[in-house]
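Here's my_file-v4.pdb, which has PDB, N, CA and C atoms:
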```pdb
ATOM      1  N   MET Y1207     239.525 -61.183 261.077
ATOM      2  CA  MET Y1207     239.655 -62.596 261.321
ATOM      3  C   MET Y1207     238.359 -63.128 261.916
ATOM      4  N   ASN Y1208     237.900 -64.237 261.427
ATOM      5  CA  ASN Y1208     236.680 -64.848 261.932
ATOM      6  C   ASN Y1208     237.045 -66.030 262.821
ATOM      7  N   LEU Y1209     237.226 -65.773 264.120
ATOM      8  CA  LEU Y1209     237.583 -66.813 265.074
ATOM      9  C   LEU Y1209     236.388 -67.138 265.940
ATOM     10  N   ASP Y1210     236.272 -68.398 266.310
ATOM     11  CA  ASP Y1210     235.151 -68.848 267.121
ATOM     12  C   ASP Y1210     235.683 -69.719 268.252
ATOM     13  N   PHE Y1211     235.625 -69.202 269.460
ATOM     14  CA  PHE Y1211     236.053 -69.950 270.632
ATOM     15  C   PHE Y1211     234.803 -70.346 271.398
ATOM     16  N   LYS Y1212     234.429 -71.617 271.300
ATOM     17  CA  LYS Y1212     233.196 -72.079 271.917
ATOM     18  C   LYS Y1212     233.447 -72.625 273.314
ATOM     19  N   LEU Y1213     232.521 -72.336 274.189
ATOM     20  CA  LEU Y1213     232.513 -72.895 275.536
ATOM     21  C   LEU Y1213     231.392 -73.918 275.561
ATOM     22  N   LEU Y1214     231.751 -75.177 275.734
ATOM     23  CA  LEU Y1214     230.760 -76.246 275.713
ATOM     24  C   LEU Y1214     230.402 -76.665 277.139
ATOM     25  N   ILE Y1215     229.127 -76.797 277.407
ATOM     26  CA  ILE Y1215     228.648 -77.319 278.683
ATOM     27  C   ILE Y1215     228.302 -78.785 278.440
ATOM     28  N   ASP Y1216     229.011 -79.659 279.122
ATOM     29  CA  ASP Y1216     228.917 -81.097 278.892
ATOM     30  C   ASP Y1216     228.097 -81.766 279.993
ATOM     31  N   LYS Y1217     226.793 -81.547 279.980
ATOM     32  CA  LYS Y1217     225.915 -82.044 281.043
ATOM     33  C   LYS Y1217     225.901 -83.566 281.151
ATOM     34  N   LYS Y1218     226.065 -84.260 280.034
ATOM     35  CA  LYS Y1218     225.987 -85.728 280.036
ATOM     36  C   LYS Y1218     227.354 -86.404 280.075
ATOM     37  N   GLY Y1219     228.425 -85.628 280.043
ATOM     38  CA  GLY Y1219     229.767 -86.207 280.111
ATOM     39  C   GLY Y1219     230.274 -86.772 278.793
ATOM     40  N   THR Y1220     229.641 -86.412 277.706
ATOM     41  CA  THR Y1220     230.034 -86.928 276.392
ATOM     42  C   THR Y1220     231.474 -86.548 276.046
ATOM     43  N   TYR Y1221     231.817 -85.283 276.229
ATOM     44  CA  TYR Y1221     233.156 -84.815 275.880
ATOM     45  C   TYR Y1221     234.188 -85.242 276.913
ATOM     46  N   VAL Y1222     233.754 -85.344 278.151
ATOM     47  CA  VAL Y1222     234.655 -85.827 279.207
ATOM     48  C   VAL Y1222     235.163 -87.216 278.837
ATOM     49  N   SER Y1223     234.275 -88.065 278.381
ATOM     50  CA  SER Y1223     234.661 -89.420 277.974
ATOM     51  C   SER Y1223     235.451 -89.418 276.670
ATOM     52  N   ALA Y1224     234.970 -88.680 275.691
ATOM     53  CA  ALA Y1224     235.599 -88.691 274.367
ATOM     54  C   ALA Y1224     237.038 -88.189 274.385
ATOM     55  N   PHE Y1225     237.318 -87.186 275.232
ATOM     56  CA  PHE Y1225     238.649 -86.593 275.271
ATOM     57  C   PHE Y1225     239.425 -86.962 276.532
ATOM     58  N   ASN Y1226     238.914 -87.943 277.284
ATOM     59  CA  ASN Y1226     239.601 -88.445 278.474
ATOM     60  C   ASN Y1226     239.963 -87.314 279.442
ATOM     61  N   VAL Y1227     239.000 -86.463 279.727
ATOM     62  CA  VAL Y1227     239.208 -85.340 280.641
ATOM     63  C   VAL Y1227     239.286 -85.874 282.069
ATOM     64  N   GLU Y1228     240.354 -85.530 282.755
ATOM     65  CA  GLU Y1228     240.581 -86.025 284.106
ATOM     66  C   GLU Y1228     240.415 -84.944 285.166
ATOM     67  N   GLY Y1229     240.294 -83.701 284.772
ATOM     68  CA  GLY Y1229     240.144 -82.605 285.727
ATOM     69  C   GLY Y1229     239.873 -81.307 285.006
ATOM     70  N   LEU Y1230     239.551 -80.297 285.793
ATOM     71  CA  LEU Y1230     239.262 -78.977 285.245
ATOM     72  C   LEU Y1230     240.239 -77.978 285.824
ATOM     73  N   PRO Y1231     240.612 -76.962 285.121
ATOM     74  CA  PRO Y1231     240.188 -76.630 283.760
ATOM     75  C   PRO Y1231     240.928 -77.473 282.727
ATOM     76  N   VAL Y1232     240.337 -77.567 281.559
ATOM     77  CA  VAL Y1232     240.949 -78.245 280.418
ATOM     78  C   VAL Y1232     240.583 -77.464 279.157
ATOM     79  N   THR Y1233     241.530 -77.351 278.246
ATOM     80  CA  THR Y1233     241.298 -76.686 276.974
ATOM     81  C   THR Y1233     241.543 -77.693 275.863
ATOM     82  N   ILE Y1234     240.573 -77.827 274.976
ATOM     83  CA  ILE Y1234     240.706 -78.714 273.831
ATOM     84  C   ILE Y1234     240.715 -77.841 272.579
ATOM     85  N   ILE Y1235     241.801 -77.923 271.832
ATOM     86  CA  ILE Y1235     241.952 -77.108 270.632
ATOM     87  C   ILE Y1235     241.542 -77.951 269.435
ATOM     88  N   MET Y1236     240.567 -77.439 268.703
ATOM     89  CA  MET Y1236     240.050 -78.100 267.514
ATOM     90  C   MET Y1236     240.190 -77.142 266.335
ATOM     91  N   LYS Y1237     240.338 -77.700 265.175
ATOM     92  CA  LYS Y1237     240.324 -76.903 263.948
ATOM     93  C   LYS Y1237     239.289 -77.548 263.052
ATOM     94  N   GLY Y1238     238.142 -76.891 262.948
ATOM     95  CA  GLY Y1238     237.006 -77.519 262.287
ATOM     96  C   GLY Y1238     236.571 -78.696 263.141
ATOM     97  N   SER Y1239     236.568 -79.874 262.591
ATOM     98  CA  SER Y1239     236.219 -81.059 263.369
ATOM     99  C   SER Y1239     237.454 -81.885 263.709
ATOM    100  N   LYS Y1240     238.645 -81.344 263.453
ATOM    101  CA  LYS Y1240     239.890 -82.066 263.701
ATOM    102  C   LYS Y1240     240.467 -81.698 265.076
ATOM    103  N   TYR Y1241     240.766 -82.716 265.870
ATOM    104  CA  TYR Y1241     241.400 -82.551 267.177
ATOM    105  C   TYR Y1241     242.858 -82.155 266.976
ATOM    106  N   ILE Y1242     243.274 -81.065 267.645
ATOM    107  CA  ILE Y1242     244.662 -80.607 267.544
ATOM    108  C   ILE Y1242     245.436 -80.920 268.825
ATOM    109  N   GLU Y1243     244.874 -80.510 269.971
ATOM    110  CA  GLU Y1243     245.625 -80.650 271.228
ATOM    111  C   GLU Y1243     244.701 -80.492 272.424
ATOM    112  N   LYS Y1244     245.066 -81.157 273.530
ATOM    113  CA  LYS Y1244     244.371 -80.984 274.800
ATOM    114  C   LYS Y1244     245.378 -80.461 275.819
ATOM    115  N   VAL Y1245     244.992 -79.413 276.546
ATOM    116  CA  VAL Y1245     245.853 -78.828 277.570
ATOM    117  C   VAL Y1245     245.156 -78.984 278.915
ATOM    118  N   ASN Y1246     245.751 -79.779 279.805
ATOM    119  CA  ASN Y1246     245.206 -79.933 281.151
ATOM    120  C   ASN Y1246     245.705 -78.795 282.022
ATOM    121  N   GLY Y1247     244.819 -78.232 282.805
ATOM    122  CA  GLY Y1247     245.186 -77.117 283.677
ATOM    123  C   GLY Y1247     244.883 -75.793 283.015
ATOM    124  N   ASP Y1248     245.253 -74.737 283.727
ATOM    125  CA  ASP Y1248     244.945 -73.409 283.184
ATOM    126  C   ASP Y1248     245.907 -73.060 282.058
ATOM    127  N   ILE Y1249     245.471 -72.157 281.215
ATOM    128  CA  ILE Y1249     246.271 -71.720 280.080
ATOM    129  C   ILE Y1249     246.079 -70.215 279.917
ATOM    130  N   ASP Y1250     247.154 -69.525 279.613
ATOM    131  CA  ASP Y1250     247.099 -68.086 279.399
ATOM    132  C   ASP Y1250     246.869 -67.826 277.909
ATOM    133  N   PHE Y1251     245.626 -67.525 277.564
ATOM    134  CA  PHE Y1251     245.275 -67.311 276.169
ATOM    135  C   PHE Y1251     245.936 -66.067 275.584
ATOM    136  N   ASP Y1252     246.442 -65.180 276.439
ATOM    137  CA  ASP Y1252     247.134 -63.978 275.977
ATOM    138  C   ASP Y1252     248.638 -64.180 275.854
ATOM    139  N   SER Y1253     249.125 -65.370 276.205
ATOM    140  CA  SER Y1253     250.570 -65.614 276.160
ATOM    141  C   SER Y1253     251.068 -65.654 274.719
ATOM    142  N   THR Y1254     252.321 -65.316 274.563
ATOM    143  CA  THR Y1254     252.949 -65.320 273.245
ATOM    144  C   THR Y1254     252.935 -66.723 272.648
ATOM    145  N   SER Y1255     253.199 -67.737 273.469
ATOM    146  CA  SER Y1255     253.253 -69.104 272.950
ATOM    147  C   SER Y1255     251.890 -69.579 272.454
ATOM    148  N   PHE Y1256     250.812 -69.256 273.178
ATOM    149  CA  PHE Y1256     249.477 -69.667 272.743
ATOM    150  C   PHE Y1256     249.088 -68.921 271.472
ATOM    151  N   GLN Y1257     249.334 -67.626 271.440
ATOM    152  CA  GLN Y1257     248.996 -66.839 270.254
ATOM    153  C   GLN Y1257     249.775 -67.319 269.029
ATOM    154  N   LYS Y1258     251.030 -67.704 269.226
ATOM    155  CA  LYS Y1258     251.842 -68.222 268.127
ATOM    156  C   LYS Y1258     251.247 -69.533 267.597
ATOM    157  N   LYS Y1259     250.788 -70.391 268.514
ATOM    158  CA  LYS Y1259     250.183 -71.654 268.112
ATOM    159  C   LYS Y1259     248.926 -71.415 267.264
ATOM    160  N   ILE Y1260     248.089 -70.486 267.703
ATOM    161  CA  ILE Y1260     246.867 -70.170 266.957
ATOM    162  C   ILE Y1260     247.215 -69.531 265.612
ATOM    163  N   ASP Y1261     248.185 -68.627 265.610
ATOM    164  CA  ASP Y1261     248.621 -68.002 264.352
ATOM    165  C   ASP Y1261     249.096 -69.056 263.354
ATOM    166  N   GLN Y1262     249.849 -70.065 263.825
ATOM    167  CA  GLN Y1262     250.333 -71.120 262.944
ATOM    168  C   GLN Y1262     249.169 -71.919 262.354
ATOM    169  N   LEU Y1263     248.153 -72.206 263.165
ATOM    170  CA  LEU Y1263     246.979 -72.921 262.662
ATOM    171  C   LEU Y1263     246.245 -72.100 261.608
ATOM    172  N   LEU Y1264     246.157 -70.802 261.829
ATOM    173  CA  LEU Y1264     245.476 -69.920 260.879
ATOM    174  C   LEU Y1264     246.276 -69.772 259.588
ATOM    175  N   GLN Y1265     247.601 -69.738 259.655
ATOM    176  CA  GLN Y1265     248.430 -69.599 258.473
ATOM    177  C   GLN Y1265     248.271 -70.771 257.533
ATOM    178  N   VAL Y1266     248.063 -71.952 258.059
ATOM    179  CA  VAL Y1266     247.849 -73.123 257.220
ATOM    180  C   VAL Y1266     246.610 -72.909 256.365
ATOM    181  N   ASP Y1267     245.537 -72.329 256.959
ATOM    182  CA  ASP Y1267     244.317 -72.029 256.206
ATOM    183  C   ASP Y1267     244.572 -71.024 255.099
ATOM    184  N   MET Y1268     245.395 -70.030 255.379
ATOM    185  CA  MET Y1268     245.644 -68.982 254.404
ATOM    186  C   MET Y1268     246.420 -69.503 253.191
ATOM    187  N   LYS Y1269     247.232 -70.541 253.389
ATOM    188  CA  LYS Y1269     248.022 -71.113 252.299
ATOM    189  C   LYS Y1269     247.176 -71.997 251.398
ATOM    190  N   ASN Y1270     246.086 -72.547 251.915
ATOM    191  CA  ASN Y1270     245.226 -73.450 251.129
ATOM    192  C   ASN Y1270     244.144 -72.700 250.406
TER     193      ASN Y1270
END
```
Take the structure from the file and write it as structure tokens.
Amino acid sequence: MNLDFKLLIDKKGTYVSAFNVEGLPVTIIMKGSKYIEKVNGDIDFDSTSFQKKIDQLLQVDMKN
């Protein structure tokens, strides 16, 4: 699987404004250039629910 989880450093506040970030930590889930979801607060990337969400996004790609 070719997954890319980028950590962006927003020195100028561009993403803070664009995604209405009100605090840290925050996770913004994107698929390509499409916004999927924003999660305020911490998130367990190893949790079953998060992995299921990512698996569902990947399955859509496999069907196309």
Next item on the list: Could you check which of Y:Lys1218, Y:Leu1264, Y:Gly1229, Y:Met1236 is closest to Asp1248 in chain Y, using only C-alpha atoms?
Entry: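 Looking only at the distances to Asp1248 in chain Y, the closest residue turns out to be Y:Gly1229.
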Notebook entry, point to check: Which one of Y:Thr1220, Y:Val1227, Y:Asp1210, Y:Lys1237 sits closest to Leu1263 in chain Y if you count only N, CA and C atoms?
Noted result: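 Selected residue with least distance to Leu1263 in chain Y: Y:Lys1237.
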Check: Hey, what does DSSP flag as helix (DSSP H, G or I) within chain Y? Can you give it to me as an MDAnalysis selection string?
Finding: chainID Y and resid 1220:1224 1254:1269
Next item on the list: Report the distance between CA of Phe1251 in chain Y and CA of Thr1233 in chain Y in Å, rounded to one decimal place.
Entry: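 So the answer is 10.2 Å.
Across Y:Ile1260, Y:Ile1215, Y:Leu1209, Y:Leu1230, the tightest approach to Gly1247 in chain Y is made by Y:Leu1230 when counting only N, CA and C atoms.
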Check: Got a sec to tell me which of chain Y DSSP assigns to strand (DSSP E or B), as a PyMOL selection string?
Finding: chain Y and resi 1232-1237+1240-1246
Next item on the list: In Å, rounded to a single decimal, give me how far CA of Lys1258 in chain Y is from CA of Val1232 in chain Y.
Entry: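 About the pair CA of Val1232 in chain Y and CA of Lys1258 in chain Y: they are 19.2 Å apart.
Here the PyMOL selection byres (((chain Y and resi 1234 and name CA) around 9) and name CA) matches the residues Phe1225, Val1232, Thr1233, Ile1235, Met1236, Tyr1241, Ile1242, Glu1243, Lys1244, Val1245 and Asn1246 of chain Y.
A straight line drawn from atom C of Gln1262 in chain Y to CA of Val1222 in chain Y is 26.2 Å long.
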